[in-house]
file entry.txt (compact mmCIF, C-alpha atoms)
# COMPACT_ATOMS: atom_id res chain seq x y z
CA MET A 30 11.96 15.18 -35.63
CA PRO A 31 8.15 15.27 -35.84
CA ALA A 32 6.69 13.11 -33.10
CA VAL A 33 4.20 10.47 -34.18
CA PRO A 34 0.93 10.41 -32.17
CA LYS A 35 1.03 6.64 -31.97
CA HIS A 36 3.94 6.82 -29.52
CA ARG A 37 2.13 8.54 -26.67
CA GLN A 38 0.28 5.46 -25.42
CA PRO A 39 3.28 3.10 -25.58
CA ILE A 40 5.25 5.60 -23.50
CA ILE A 41 2.50 5.72 -20.86
CA ASN A 42 2.14 1.95 -20.87
CA ALA A 43 5.88 1.53 -20.39
CA ALA A 44 5.81 4.01 -17.49
CA VAL A 45 2.92 2.14 -15.82
CA THR A 46 4.85 -1.13 -16.11
CA LEU A 47 8.14 0.26 -14.82
CA PHE A 48 6.73 2.38 -11.99
CA ARG A 49 4.66 -0.50 -10.60
CA ARG A 50 7.65 -2.85 -10.71
CA GLN A 51 10.45 -0.71 -9.42
CA GLY A 52 9.01 2.66 -8.48
CA PHE A 53 9.29 6.14 -9.90
CA ALA A 54 12.71 7.25 -8.64
CA ARG A 55 14.49 4.17 -9.91
CA THR A 56 13.01 4.46 -13.41
CA GLY A 57 14.96 6.64 -15.80
CA LEU A 58 13.64 8.27 -18.95
CA ASN A 59 15.89 5.96 -20.94
CA ASP A 60 14.25 2.91 -19.36
CA ILE A 61 10.83 4.23 -20.41
CA VAL A 62 12.07 4.87 -23.96
CA ASP A 63 13.61 1.39 -24.15
CA VAL A 64 10.51 -0.45 -22.91
CA SER A 65 8.11 1.67 -25.00
CA GLY A 66 9.98 1.27 -28.26
CA ALA A 67 9.22 4.95 -28.96
CA PRO A 68 11.90 7.28 -30.31
CA LYS A 69 13.36 9.44 -27.55
CA GLY A 70 12.19 12.63 -29.28
CA SER A 71 8.56 11.62 -28.90
CA LEU A 72 8.98 11.39 -25.13
CA TYR A 73 10.12 15.01 -24.94
CA HIS A 74 7.39 16.00 -27.37
CA TYR A 75 4.52 14.53 -25.37
CA PHE A 76 5.97 15.13 -21.95
CA PRO A 77 8.00 18.31 -22.17
CA GLU A 78 7.78 18.73 -18.40
CA GLY A 79 9.59 15.45 -17.92
CA LYS A 80 9.15 12.56 -15.57
CA SER A 81 6.55 14.08 -13.21
CA SER A 82 4.18 14.68 -16.10
CA ILE A 83 4.70 11.06 -17.20
CA ALA A 84 3.83 10.03 -13.62
CA VAL A 85 0.55 11.94 -13.85
CA ALA A 86 -0.32 10.24 -17.16
CA ALA A 87 0.69 6.84 -15.76
CA VAL A 88 -1.49 7.24 -12.66
CA GLU A 89 -4.41 8.36 -14.86
CA GLU A 90 -3.93 5.39 -17.19
CA ALA A 91 -3.63 2.94 -14.30
CA GLY A 92 -6.74 4.47 -12.74
CA ARG A 93 -8.64 3.95 -16.02
CA ARG A 94 -7.56 0.32 -16.13
CA VAL A 95 -8.62 -0.38 -12.55
CA THR A 96 -11.94 1.40 -13.11
CA ALA A 97 -12.56 -0.60 -16.30
CA THR A 98 -11.83 -3.86 -14.49
CA VAL A 99 -14.07 -3.04 -11.54
CA ALA A 100 -16.87 -1.77 -13.85
CA LYS A 101 -16.74 -4.99 -15.86
CA LEU A 102 -16.80 -7.12 -12.70
CA ALA A 103 -19.67 -5.05 -11.27
CA GLU A 104 -21.66 -5.80 -14.41
CA GLU A 105 -20.85 -9.49 -14.45
CA CYS A 106 -21.18 -10.27 -10.75
CA GLY A 107 -24.48 -10.62 -8.91
CA SER A 108 -23.24 -9.15 -5.65
CA THR A 109 -20.40 -7.20 -4.08
CA GLY A 110 -19.12 -10.38 -2.44
CA GLU A 111 -18.93 -12.10 -5.81
CA LEU A 112 -17.22 -9.04 -7.29
CA LEU A 113 -14.57 -9.02 -4.55
CA ARG A 114 -13.80 -12.71 -4.93
CA ALA A 115 -13.60 -12.41 -8.73
CA HIS A 116 -11.36 -9.35 -8.48
CA ALA A 117 -9.08 -11.17 -6.04
CA ARG A 118 -8.75 -14.14 -8.43
CA LEU A 119 -7.79 -11.76 -11.24
CA LEU A 120 -5.28 -9.84 -9.12
CA ALA A 121 -3.73 -12.97 -7.64
CA GLY A 122 -3.41 -14.44 -11.14
CA TRP A 123 -1.74 -11.30 -12.48
CA MET A 124 0.61 -11.19 -9.54
CA ARG A 125 1.58 -14.84 -9.99
CA GLY A 126 2.07 -14.27 -13.72
CA SER A 127 4.55 -11.48 -13.02
CA GLY A 128 6.52 -13.44 -10.41
CA PHE A 129 5.02 -11.07 -7.81
CA ARG A 130 6.87 -8.13 -9.29
CA ASN A 131 3.78 -6.22 -10.42
CA GLY A 132 1.83 -4.68 -7.61
CA CYS A 133 -0.90 -2.12 -7.84
CA PRO A 134 -0.06 0.13 -10.78
CA ILE A 135 -0.45 3.33 -8.78
CA THR A 136 0.58 2.57 -5.21
CA THR A 137 4.37 2.81 -5.46
CA VAL A 138 4.44 6.03 -7.46
CA LEU A 139 1.83 7.61 -5.16
CA LEU A 140 3.79 6.68 -2.06
CA GLU A 141 6.93 8.15 -3.57
CA LEU A 142 5.34 11.39 -4.75
CA ALA A 143 2.16 12.17 -2.79
CA PRO A 144 1.31 14.64 -1.41
CA ARG A 145 4.43 16.55 -2.55
CA GLU A 146 3.62 16.43 -6.26
CA ARG A 147 0.20 18.02 -6.51
CA ALA A 148 -0.81 16.84 -10.00
CA VAL A 149 0.16 13.23 -9.28
CA THR A 150 -1.71 13.36 -5.98
CA ASP A 151 -4.82 14.71 -7.72
CA ALA A 152 -4.66 11.97 -10.35
CA GLY A 153 -4.42 9.40 -7.55
CA ARG A 154 -7.37 10.89 -5.72
CA LYS A 155 -9.50 10.74 -8.87
CA ALA A 156 -8.51 7.12 -9.47
CA TYR A 157 -9.58 6.20 -5.92
CA ALA A 158 -12.82 8.17 -6.19
CA ALA A 159 -13.84 6.41 -9.42
CA ARG A 160 -13.21 2.99 -7.93
CA ILE A 161 -15.00 3.83 -4.69
CA ALA A 162 -18.03 5.17 -6.61
CA LEU A 163 -18.36 1.92 -8.58
CA LEU A 164 -18.16 -0.20 -5.44
CA ARG A 165 -20.61 2.10 -3.64
CA ASP A 166 -23.16 1.67 -6.45
CA ARG A 167 -22.70 -2.11 -6.41
CA LEU A 168 -23.19 -2.11 -2.61
CA MET A 169 -26.34 -0.01 -2.98
CA ALA A 170 -27.63 -2.57 -5.45
CA ASP A 171 -27.05 -5.14 -2.66
CA GLY A 172 -29.40 -3.12 -0.48
CA PHE A 173 -27.07 -0.89 1.54
CA ALA A 174 -28.11 2.72 2.09
CA ARG A 175 -25.84 5.21 0.35
CA PRO A 176 -23.79 6.42 3.35
CA ARG A 177 -23.05 2.88 4.48
CA ALA A 178 -22.31 1.78 0.92
CA GLU A 179 -19.81 4.63 0.67
CA THR A 180 -17.89 3.67 3.81
CA LEU A 181 -17.92 -0.02 2.90
CA ALA A 182 -16.54 0.91 -0.52
CA VAL A 183 -13.65 2.76 1.17
CA LEU A 184 -12.92 -0.35 3.24
CA CYS A 185 -13.02 -2.65 0.17
CA THR A 186 -10.61 -0.37 -1.68
CA SER A 187 -8.20 -0.13 1.26
CA ALA A 188 -8.26 -3.86 1.86
CA LEU A 189 -7.43 -4.92 -1.70
CA GLN A 190 -4.71 -2.27 -1.98
CA GLY A 191 -3.09 -3.44 1.22
CA ALA A 192 -3.39 -7.10 0.26
CA LEU A 193 -1.31 -6.50 -2.86
CA ILE A 194 1.58 -5.36 -0.68
CA GLN A 195 1.37 -8.47 1.51
CA ALA A 196 1.21 -10.62 -1.64
CA ARG A 197 4.45 -9.18 -2.92
CA VAL A 198 6.27 -9.80 0.32
CA GLU A 199 4.91 -13.34 0.66
CA ARG A 200 5.32 -14.09 -3.05
CA SER A 201 1.84 -15.57 -2.90
CA GLY A 202 -1.64 -14.68 -4.06
CA ARG A 203 -3.09 -15.96 -0.78
CA PRO A 204 -3.19 -12.63 1.11
CA ILE A 205 -5.30 -11.20 -1.71
CA GLU A 206 -7.66 -14.17 -1.80
CA ILE A 207 -7.98 -14.34 1.99
CA THR A 208 -8.61 -10.60 2.28
CA ALA A 209 -11.31 -10.60 -0.41
CA ALA A 210 -12.97 -13.79 0.86
CA GLU A 211 -13.18 -12.45 4.43
CA LEU A 212 -14.48 -9.10 3.27
CA ALA A 213 -17.06 -10.75 1.00
CA ARG A 214 -18.23 -12.97 3.85
CA LEU A 215 -18.57 -10.08 6.31
CA ILE A 216 -20.45 -7.95 3.78
CA GLU A 217 -22.78 -10.81 2.89
CA VAL A 218 -23.64 -11.33 6.55
CA GLU A 219 -24.25 -7.60 6.93
CA ALA A 220 -26.43 -7.46 3.78
CA GLU A 221 -28.69 -10.18 5.20
CA ARG A 222 -29.28 -8.47 8.54
CA MET B 29 38.01 6.61 12.58
CA PRO B 30 36.62 4.19 15.15
CA ALA B 31 32.86 4.06 14.84
CA VAL B 32 30.85 4.73 17.98
CA PRO B 33 28.10 2.17 18.72
CA LYS B 34 25.66 4.91 19.64
CA HIS B 35 25.38 5.87 15.98
CA ARG B 36 23.80 2.66 14.69
CA GLN B 37 20.28 3.41 15.92
CA PRO B 38 20.20 7.06 14.72
CA ILE B 39 21.22 5.83 11.26
CA ILE B 40 18.39 3.30 11.20
CA ASN B 41 15.89 5.85 12.53
CA ALA B 42 16.92 8.33 9.85
CA ALA B 43 16.50 5.65 7.18
CA VAL B 44 13.01 4.75 8.45
CA THR B 45 12.00 8.43 8.31
CA LEU B 46 13.42 9.07 4.85
CA PHE B 47 12.26 5.83 3.22
CA ARG B 48 8.67 6.28 4.43
CA ARG B 49 8.57 9.88 3.20
CA GLN B 50 10.24 9.67 -0.16
CA GLY B 51 11.10 6.06 -0.83
CA PHE B 52 14.30 4.07 -1.02
CA ALA B 53 15.61 5.01 -4.46
CA ARG B 54 15.31 8.73 -3.86
CA THR B 55 17.17 8.60 -0.55
CA GLY B 56 20.93 8.89 -0.80
CA LEU B 57 23.46 7.76 1.78
CA ASN B 58 24.30 11.41 2.34
CA ASP B 59 20.67 12.18 3.21
CA ILE B 60 20.73 9.40 5.81
CA VAL B 61 23.99 10.71 7.26
CA ASP B 62 22.64 14.28 7.39
CA VAL B 63 19.35 13.35 9.10
CA SER B 64 21.01 10.93 11.52
CA GLY B 65 23.70 13.31 12.68
CA ALA B 66 26.10 10.35 12.60
CA PRO B 67 29.59 10.67 11.11
CA LYS B 68 29.72 9.19 7.62
CA GLY B 69 32.34 6.64 8.68
CA SER B 70 29.92 5.04 11.10
CA LEU B 71 27.47 4.38 8.28
CA TYR B 72 30.06 2.36 6.37
CA HIS B 73 31.12 0.65 9.57
CA TYR B 74 27.66 -0.61 10.49
CA PHE B 75 26.39 -1.15 6.98
CA PRO B 76 29.37 -2.18 4.90
CA GLU B 77 27.04 -3.68 2.30
CA GLY B 78 25.46 -0.29 1.72
CA LYS B 79 21.93 0.89 1.19
CA SER B 80 20.21 -2.50 0.83
CA SER B 81 21.47 -3.58 4.23
CA ILE B 82 20.19 -0.29 5.68
CA ALA B 83 16.82 -1.10 4.06
CA VAL B 84 16.76 -4.46 5.85
CA ALA B 85 17.52 -2.81 9.20
CA ALA B 86 14.92 -0.09 8.54
CA VAL B 87 12.19 -2.61 7.72
CA GLU B 88 13.09 -4.61 10.85
CA GLU B 89 13.00 -1.47 12.99
CA ALA B 90 9.70 -0.32 11.50
CA GLY B 91 8.29 -3.81 12.02
CA ARG B 92 9.34 -3.67 15.70
CA ARG B 93 7.62 -0.30 16.11
CA VAL B 94 4.37 -1.47 14.52
CA THR B 95 4.43 -4.66 16.59
CA ALA B 96 5.04 -2.68 19.79
CA THR B 97 2.13 -0.34 18.98
CA VAL B 98 -0.27 -3.17 18.19
CA ALA B 99 0.85 -5.16 21.25
CA LYS B 100 0.24 -2.15 23.50
CA LEU B 101 -3.19 -1.53 21.96
CA ALA B 102 -4.09 -5.23 22.26
CA GLU B 103 -3.32 -5.01 25.98
CA GLU B 104 -5.23 -1.79 26.51
CA CYS B 105 -8.30 -2.49 24.39
CA GLY B 106 -11.14 -4.78 25.38
CA SER B 107 -11.86 -6.05 21.87
CA THR B 108 -10.47 -6.16 18.35
CA GLY B 109 -12.97 -3.52 17.29
CA GLU B 110 -11.73 -1.17 19.98
CA LEU B 111 -8.12 -1.92 19.01
CA LEU B 112 -8.80 -1.10 15.35
CA ARG B 113 -10.48 2.19 16.16
CA ALA B 114 -7.72 3.19 18.58
CA HIS B 115 -5.03 2.25 16.06
CA ALA B 116 -6.79 4.30 13.38
CA ARG B 117 -6.91 7.36 15.67
CA LEU B 118 -3.17 7.02 16.30
CA LEU B 119 -2.32 6.55 12.63
CA ALA B 120 -4.55 9.38 11.46
CA GLY B 121 -3.01 11.67 14.11
CA TRP B 122 0.53 10.77 13.05
CA MET B 123 -0.35 11.30 9.41
CA ARG B 124 -1.90 14.71 10.14
CA GLY B 125 1.12 15.65 12.24
CA SER B 126 3.46 14.94 9.32
CA GLY B 127 1.36 16.86 6.76
CA PHE B 128 0.46 13.45 5.27
CA ARG B 129 4.04 12.87 4.26
CA ASN B 130 4.65 9.88 6.52
CA GLY B 131 2.90 6.74 5.43
CA CYS B 132 3.48 3.24 6.65
CA PRO B 133 7.17 2.95 7.48
CA ILE B 134 7.66 -0.22 5.45
CA THR B 135 5.27 -0.04 2.50
CA THR B 136 7.19 2.20 0.11
CA VAL B 137 10.53 0.46 0.53
CA LEU B 138 8.88 -2.96 0.21
CA LEU B 139 7.10 -1.97 -2.98
CA GLU B 140 10.34 -0.67 -4.42
CA LEU B 141 12.45 -3.69 -3.47
CA ALA B 142 10.28 -6.78 -2.94
CA PRO B 143 10.52 -9.49 -4.07
CA ARG B 144 13.79 -8.65 -5.88
CA GLU B 145 15.82 -8.00 -2.73
CA ARG B 146 15.51 -11.21 -0.77
CA ALA B 147 16.65 -9.98 2.66
CA VAL B 148 14.36 -6.94 2.57
CA THR B 149 11.46 -9.13 1.46
CA ASP B 150 12.10 -11.56 4.33
CA ALA B 151 12.23 -8.69 6.84
CA GLY B 152 8.89 -7.46 5.48
CA ARG B 153 7.34 -10.89 5.72
CA LYS B 154 8.43 -11.20 9.35
CA ALA B 155 7.00 -7.78 10.16
CA TYR B 156 3.63 -8.77 8.66
CA ALA B 157 3.65 -12.14 10.41
CA ALA B 158 4.27 -10.56 13.84
CA ARG B 159 1.43 -8.10 13.38
CA ILE B 160 -0.97 -10.75 12.07
CA ALA B 161 -0.15 -13.04 15.02
CA LEU B 162 -0.99 -10.31 17.54
CA LEU B 163 -4.29 -9.53 15.83
CA ARG B 164 -5.11 -13.24 15.54
CA ASP B 165 -4.60 -13.68 19.30
CA ARG B 166 -6.77 -10.66 20.04
CA LEU B 167 -9.49 -12.03 17.73
CA MET B 168 -9.30 -15.42 19.46
CA ALA B 169 -9.80 -13.62 22.77
CA ASP B 170 -12.99 -12.18 21.19
CA GLY B 171 -14.18 -15.73 20.63
CA PHE B 172 -13.14 -16.50 17.06
CA ALA B 173 -11.71 -19.96 16.34
CA ARG B 174 -8.06 -19.89 15.35
CA PRO B 175 -8.43 -20.37 11.54
CA ARG B 176 -11.04 -17.63 11.29
CA ALA B 177 -9.05 -15.35 13.58
CA GLU B 178 -6.06 -15.83 11.30
CA THR B 179 -7.90 -14.84 8.12
CA LEU B 180 -9.60 -11.89 9.83
CA ALA B 181 -6.17 -10.74 11.01
CA VAL B 182 -4.90 -10.80 7.41
CA LEU B 183 -7.88 -8.66 6.38
CA CYS B 184 -7.31 -6.16 9.22
CA THR B 185 -3.65 -5.81 8.27
CA SER B 186 -4.42 -5.34 4.57
CA ALA B 187 -7.14 -2.82 5.26
CA LEU B 188 -5.09 -0.50 7.48
CA GLN B 189 -2.10 -0.68 5.13
CA GLY B 190 -4.25 0.24 2.17
CA ALA B 191 -6.01 3.02 4.07
CA LEU B 192 -2.68 4.76 4.70
CA ILE B 193 -2.18 5.10 0.95
CA GLN B 194 -5.63 6.62 0.46
CA ALA B 195 -4.96 9.00 3.36
CA ARG B 196 -1.84 10.32 1.71
CA VAL B 197 -3.59 10.97 -1.56
CA GLU B 198 -6.57 12.63 0.10
CA ARG B 199 -4.42 14.49 2.62
CA SER B 200 -6.92 13.38 5.24
CA GLY B 201 -7.09 10.90 8.10
CA ARG B 202 -10.66 10.01 7.14
CA PRO B 203 -9.90 6.97 4.93
CA ILE B 204 -8.05 5.42 7.89
CA GLU B 205 -10.83 6.16 10.35
CA ILE B 206 -13.59 5.01 7.98
CA THR B 207 -11.73 1.80 7.13
CA ALA B 208 -11.12 0.90 10.77
CA ALA B 209 -14.63 1.84 11.90
CA GLU B 210 -16.25 -0.29 9.17
CA LEU B 211 -13.97 -3.22 9.88
CA ALA B 212 -14.60 -2.94 13.63
CA ARG B 213 -18.35 -2.86 13.07
CA LEU B 214 -18.32 -5.90 10.75
CA ILE B 215 -16.14 -7.89 13.15
CA GLU B 216 -18.32 -6.98 16.12
CA VAL B 217 -21.42 -8.18 14.28
CA GLU B 218 -19.63 -11.40 13.38
CA ALA B 219 -18.39 -11.93 16.95
CA GLU B 220 -21.97 -11.75 18.24
CA ARG B 221 -23.36 -14.32 15.84
call {"tool": "encode", "arguments": {"input": "entry.txt", "output": "structure tokens"}}
result
Amino acid sequence: MPAVPKHRQPIINAAVTLFRRQGFARTGLNDIVDVSGAPKGSLYHYFPEGKSSIAVAAVEEAGRRVTATVAKLAEECGSTGELLRAHARLLAGWMRGSGFRNGCPITTVLLELAPRERAVTDAGRKAYAARIALLRDRLMADGFARPRAETLAVLCTSALQGALIQARVERSGRPIEITAAELARLIEVEAER
Amino acid sequence: MPAVPKHRQPIINAAVTLFRRQGFARTGLNDIVDVSGAPKGSLYHYFPEGKSSIAVAAVEEAGRRVTATVAKLAEECGSTGELLRAHARLLAGWMRGSGFRNGCPITTVLLELAPRERAVTDAGRKAYAARIALLRDRLMADGFARPRAETLAVLCTSALQGALIQARVERSGRPIEITAAELARLIEVEAER
């Protein structure tokens, strides 16, 4: 059966959705086929190496989405503090909308597979690096020198990632909003010094 | 076969180790039996409801360990900043020692099972609450009013959790050390205001 190019993206999207909800190990190829609506043959066509190669594509896709969101917020928001609060509102809203089933689209699969699966780990590292670079640039625009902006960007990334886990356990967007608001406040104080 | 009480704890310890390394779904009951050294019968004796009830016990055990570590650090350290830096050194050392395979002992299993599995989710929430309470008390000892200490404690917990994920992907303790150092610095500035 000739595979149709249009099925690659639905397969990746389905994998992102399933991996973030229930993890990599629990998701079977049949689940991905079912959710994607793609014919099973196209899955083997695009991902002949199987589930690990789908995990790589899913982490890359999720990384692109997070980067696009942060880039858009960085453009719209006048400061890093504003960006963090806006991002938290978005994330908390998405979490609520999914009944707190959707966490970060890359965390679960990375924790299951990194550092054992090299290609997945590399995709995760690139996703983090892109996000950290955007935040660093936004922090530099706030007046922080590059080295400090870099370390603050690492903290911001850690904090929002961790908050998503707390939000799932508490079935509440509050940990995300509290984390971002505190971070924004601390960074604003620091920017004014 | 009468089950011997001494086998309950080794089973739980084995589950903590396996779940943090490779996740819940990928860990079979046989893996837990093998790593624990316990006879298979004792596993069914102590956990007749199977793997989910082992997950609850593992999250409770991991929560106790984290709480004990933070409580000890809170006693030893003169400030929250010092506590955060000391905790980061410990975590980074443990991560290095495991070849970056061991992350937070509860994160992976929570992301796989929460909020679907109610008892696991509740165990996770209690683990977070205990840790946040300890940090809140330490922050109050630094001079923060209770509501502020509470929100700062949520941020500290989020940030270290998230940093462990970055550390795994980067195969480096640096994201943990950077995150804690930045957080400590920001909190120290805020405490002096």
call {"tool": "closest_residue", "arguments": {"input": "entry.txt", "among": "A:Gly122, A:Gln195, A:Ala178, A:Leu140", "to": "Arg49 (chain B)", "atoms": "all atoms listed in the file"}}
result
A:Leu140
call {"tool": "closest_atom_pairs", "arguments": {"input": "entry.txt", "of": "chain B", "to": "chain A", "cutoff": "8 Å", "atoms": "all atoms listed in the file", "output": "Markdown table"}}
result
| residue | atom | partner | partner_atom | distance |
| --- | --- | --- | --- | --- |
| B:Arg49 | CA | A:Glu141 | CA | 7.2 |
| B:Gln50 | CA | A:Glu141 | CA | 5.0 |
| B:Gly51 | CA | A:Glu141 | CA | 5.4 |
| B:Ala53 | CA | A:Ala54 | CA | 5.6 |
| B:Arg54 | CA | A:Ala54 | CA | 5.6 |
| B:Phe128 | CA | A:Pro144 | CA | 6.8 |
| B:Arg129 | CA | A:Pro144 | CA | 6.5 |
| B:Gly131 | CA | A:Leu140 | CA | 7.5 |
| B:Thr135 | CA | A:Ile194 | CA | 7.2 |
| B:Thr136 | CA | A:Leu140 | CA | 6.0 |
| B:Leu138 | CA | A:Val198 | CA | 7.3 |
| B:Leu139 | CA | A:Thr137 | CA | 6.0 |
| B:Glu140 | CA | A:Gln51 | CA | 5.0 |
| B:Leu141 | CA | A:Gln51 | CA | 6.9 |
| B:Ala142 | CA | A:Val198 | CA | 6.0 |
| B:Pro143 | CA | A:Val198 | CA | 6.1 |
| B:Arg144 | CA | A:Arg130 | CA | 7.7 |
| B:Thr149 | CA | A:Val198 | CA | 5.4 |
| B:Asp150 | CA | A:Val198 | CA | 7.3 |
| B:Gly152 | CA | A:Val198 | CA | 6.2 |
| B:Arg153 | CA | A:Val198 | CA | 5.6 |
| B:Tyr156 | CA | A:Gln195 | CA | 7.5 |
| B:Thr179 | CA | A:Ile207 | CA | 6.2 |
| B:Leu180 | CA | A:Glu211 | CA | 6.5 |
| B:Val182 | CA | A:Thr208 | CA | 6.3 |
| B:Leu183 | CA | A:Thr208 | CA | 4.6 |
| B:Cys184 | CA | A:Ala188 | CA | 7.8 |
| B:Thr185 | CA | A:Gly191 | CA | 7.5 |
| B:Ser186 | CA | A:Gly191 | CA | 4.1 |
| B:Ala187 | CA | A:Ala188 | CA | 3.7 |
| B:Leu188 | CA | A:Ser187 | CA | 7.0 |
| B:Gln189 | CA | A:Gly191 | CA | 4.9 |
| B:Gly190 | CA | A:Gly191 | CA | 4.0 |
| B:Ala191 | CA | A:Ser187 | CA | 4.8 |
| B:Ile193 | CA | A:Leu140 | CA | 6.9 |
| B:Gln194 | CA | A:Ser187 | CA | 7.3 |
| B:Arg196 | CA | A:Pro144 | CA | 6.2 |
| B:Val197 | CA | A:Thr150 | CA | 5.4 |
| B:Glu198 | CA | A:Arg154 | CA | 6.1 |
| B:Arg199 | CA | A:Pro144 | CA | 7.0 |
| B:Pro203 | CA | A:Val183 | CA | 6.8 |
| B:Ile206 | CA | A:Thr180 | CA | 6.1 |
| B:Thr207 | CA | A:Leu184 | CA | 4.6 |
| B:Ala208 | CA | A:Leu184 | CA | 7.8 |
| B:Glu210 | CA | A:Leu181 | CA | 6.5 |
| B:Leu211 | CA | A:Leu184 | CA | 7.3 |
| B:Leu214 | CA | A:Leu215 | CA | 6.1 |
| B:Ile215 | CA | A:Leu215 | CA | 7.6 |
| B:Val217 | CA | A:Glu219 | CA | 7.9 |
| B:Glu218 | CA | A:Leu215 | CA | 7.3 |
call {"tool": "atom_distance", "arguments": {"input": "entry.txt", "atom1": "CA of Met123 (chain B)", "atom2": "CA of Gly201 (chain B)"}}
result
6.9 Å
call {"tool": "axis_aligned_box", "arguments": {"input": "entry.txt", "around": "region 196-205 of chain A", "padding_each_side": "5 Å", "output": "JSON"}}
result
{"center_x": 0.5, "center_y": -12.6, "center_z": -1.5, "size_x": 21.6, "size_y": 16.8, "size_z": 15.2}
call {"tool": "residues_around", "arguments": {"input": "entry.txt", "residues": "Lys68 (chain B)", "least_positions_apart": "5", "cutoff": "9 Å", "atoms": "only C-alpha atoms", "output": "list in words"}}
result
Leu57, Asn58, Val61, Asp62 and His73 of chain B
call {"tool": "atom_distance", "arguments": {"input": "entry.txt", "atom1": "CA of Leu118 (chain B)", "atom2": "CA of Leu101 (chain B)"}}
result
10.3 Å
call {"tool": "residues_around", "arguments": {"input": "entry.txt", "residues": "Asp60 (chain A)", "least_positions_apart": "3", "cutoff": "9 Å", "atoms": "only C-alpha atoms", "output": "compact mmCIF listing (two decimals) with C-alpha atoms, in the coordinates of the input"}}
result
# COMPACT_ATOMS: atom_id res chain seq x y z
CA ALA A 43 5.88 1.53 -20.39
CA ALA A 44 5.81 4.01 -17.49
CA LEU A 47 8.14 0.26 -14.82
CA THR A 56 13.01 4.46 -13.41
CA GLY A 57 14.96 6.64 -15.80
CA ASP A 63 13.61 1.39 -24.15
CA VAL A 64 10.51 -0.45 -22.91
CA SER A 65 8.11 1.67 -25.00
call {"tool": "atom_distance", "arguments": {"input": "entry.txt", "atom1": "CA of Ala100 (chain A)", "atom2": "CA of Ala117 (chain A)"}}
result
14.5 Å
call {"tool": "residues_around", "arguments": {"input": "entry.txt", "residues": "Arg93 (chain A)", "least_positions_apart": "6", "cutoff": "10 Å", "atoms": "all atoms listed in the file", "output": "PyMOL selection string"}}
result
chain A and resi 87+99+155-156+159-160
call {"tool": "residues_around", "arguments": {"input": "entry.txt", "residues": "Pro33 (chain B)", "least_positions_apart": "5", "cutoff": "12 Å", "atoms": "only C-alpha atoms", "output": "mmCIF file with C-alpha atoms, in the coordinates of the input"}}
result
data_model
loop_
_atom_site.group_PDB
_atom_site.id
_atom_site.type_symbol
_atom_site.label_atom_id
_atom_site.label_comp_id
_atom_site.auth_asym_id
_atom_site.auth_seq_id
_atom_site.Cartn_x
_atom_site.Cartn_y
_atom_site.Cartn_z
ATOM 1 C CA PRO B 38 20.200 7.060 14.720
ATOM 2 C CA ILE B 39 21.220 5.830 11.260
ATOM 3 C CA ALA B 66 26.100 10.350 12.600
ATOM 4 C CA PRO B 67 29.590 10.670 11.110
ATOM 5 C CA GLY B 69 32.340 6.640 8.680
ATOM 6 C CA SER B 70 29.920 5.040 11.100
ATOM 7 C CA LEU B 71 27.470 4.380 8.280
ATOM 8 C CA HIS B 73 31.120 0.650 9.570
ATOM 9 C CA TYR B 74 27.660 -0.610 10.490
#
call {"tool": "decode", "arguments": {"input": "entry.txt", "residues": "region 49-58 of chain A", "atoms": "N, CA and C atoms", "output": "PDB file, in the first residue's frame"}}
result
ATOM      1  N   ARG A  49       1.924  12.157  26.297  1.00  0.00           N
ATOM      2  CA  ARG A  49       1.808  13.125  27.389  1.00  0.00           C
ATOM      3  C   ARG A  49       0.737  12.681  28.386  1.00  0.00           C
ATOM      4  N   ARG A  50      -0.252  11.953  27.907  1.00  0.00           N
ATOM      5  CA  ARG A  50      -1.347  11.542  28.798  1.00  0.00           C
ATOM      6  C   ARG A  50      -1.034  10.307  29.601  1.00  0.00           C
ATOM      7  N   GLN A  51      -0.384   9.348  28.967  1.00  0.00           N
ATOM      8  CA  GLN A  51      -0.247   8.047  29.610  1.00  0.00           C
ATOM      9  C   GLN A  51       1.165   7.488  29.530  1.00  0.00           C
ATOM     10  N   GLY A  52       2.051   8.214  28.888  1.00  0.00           N
ATOM     11  CA  GLY A  52       3.438   7.767  28.811  1.00  0.00           C
ATOM     12  C   GLY A  52       3.701   6.922  27.580  1.00  0.00           C
ATOM     13  N   PHE A  53       4.977   6.668  27.370  1.00  0.00           N
ATOM     14  CA  PHE A  53       5.444   5.964  26.178  1.00  0.00           C
ATOM     15  C   PHE A  53       5.158   4.456  26.265  1.00  0.00           C
ATOM     16  N   ALA A  54       5.532   3.857  27.390  1.00  0.00           N
ATOM     17  CA  ALA A  54       5.454   2.391  27.496  1.00  0.00           C
ATOM     18  C   ALA A  54       4.015   1.895  27.376  1.00  0.00           C
ATOM     19  N   ARG A  55       3.093   2.689  27.910  1.00  0.00           N
ATOM     20  CA  ARG A  55       1.704   2.240  27.946  1.00  0.00           C
ATOM     21  C   ARG A  55       0.993   2.445  26.598  1.00  0.00           C
ATOM     22  N   THR A  56       1.614   3.191  25.710  1.00  0.00           N
ATOM     23  CA  THR A  56       0.990   3.497  24.423  1.00  0.00           C
ATOM     24  C   THR A  56       1.438   2.493  23.370  1.00  0.00           C
ATOM     25  N   GLY A  57       0.506   1.779  22.806  1.00  0.00           N
ATOM     26  CA  GLY A  57       0.836   0.819  21.762  1.00  0.00           C
ATOM     27  C   GLY A  57       0.733   1.444  20.381  1.00  0.00           C
ATOM     28  N   LEU A  58       1.368   0.806  19.412  1.00  0.00           N
ATOM     29  CA  LEU A  58       1.274   1.312  18.032  1.00  0.00           C
ATOM     30  C   LEU A  58      -0.179   1.364  17.578  1.00  0.00           C
TER      31      LEU A  58
END
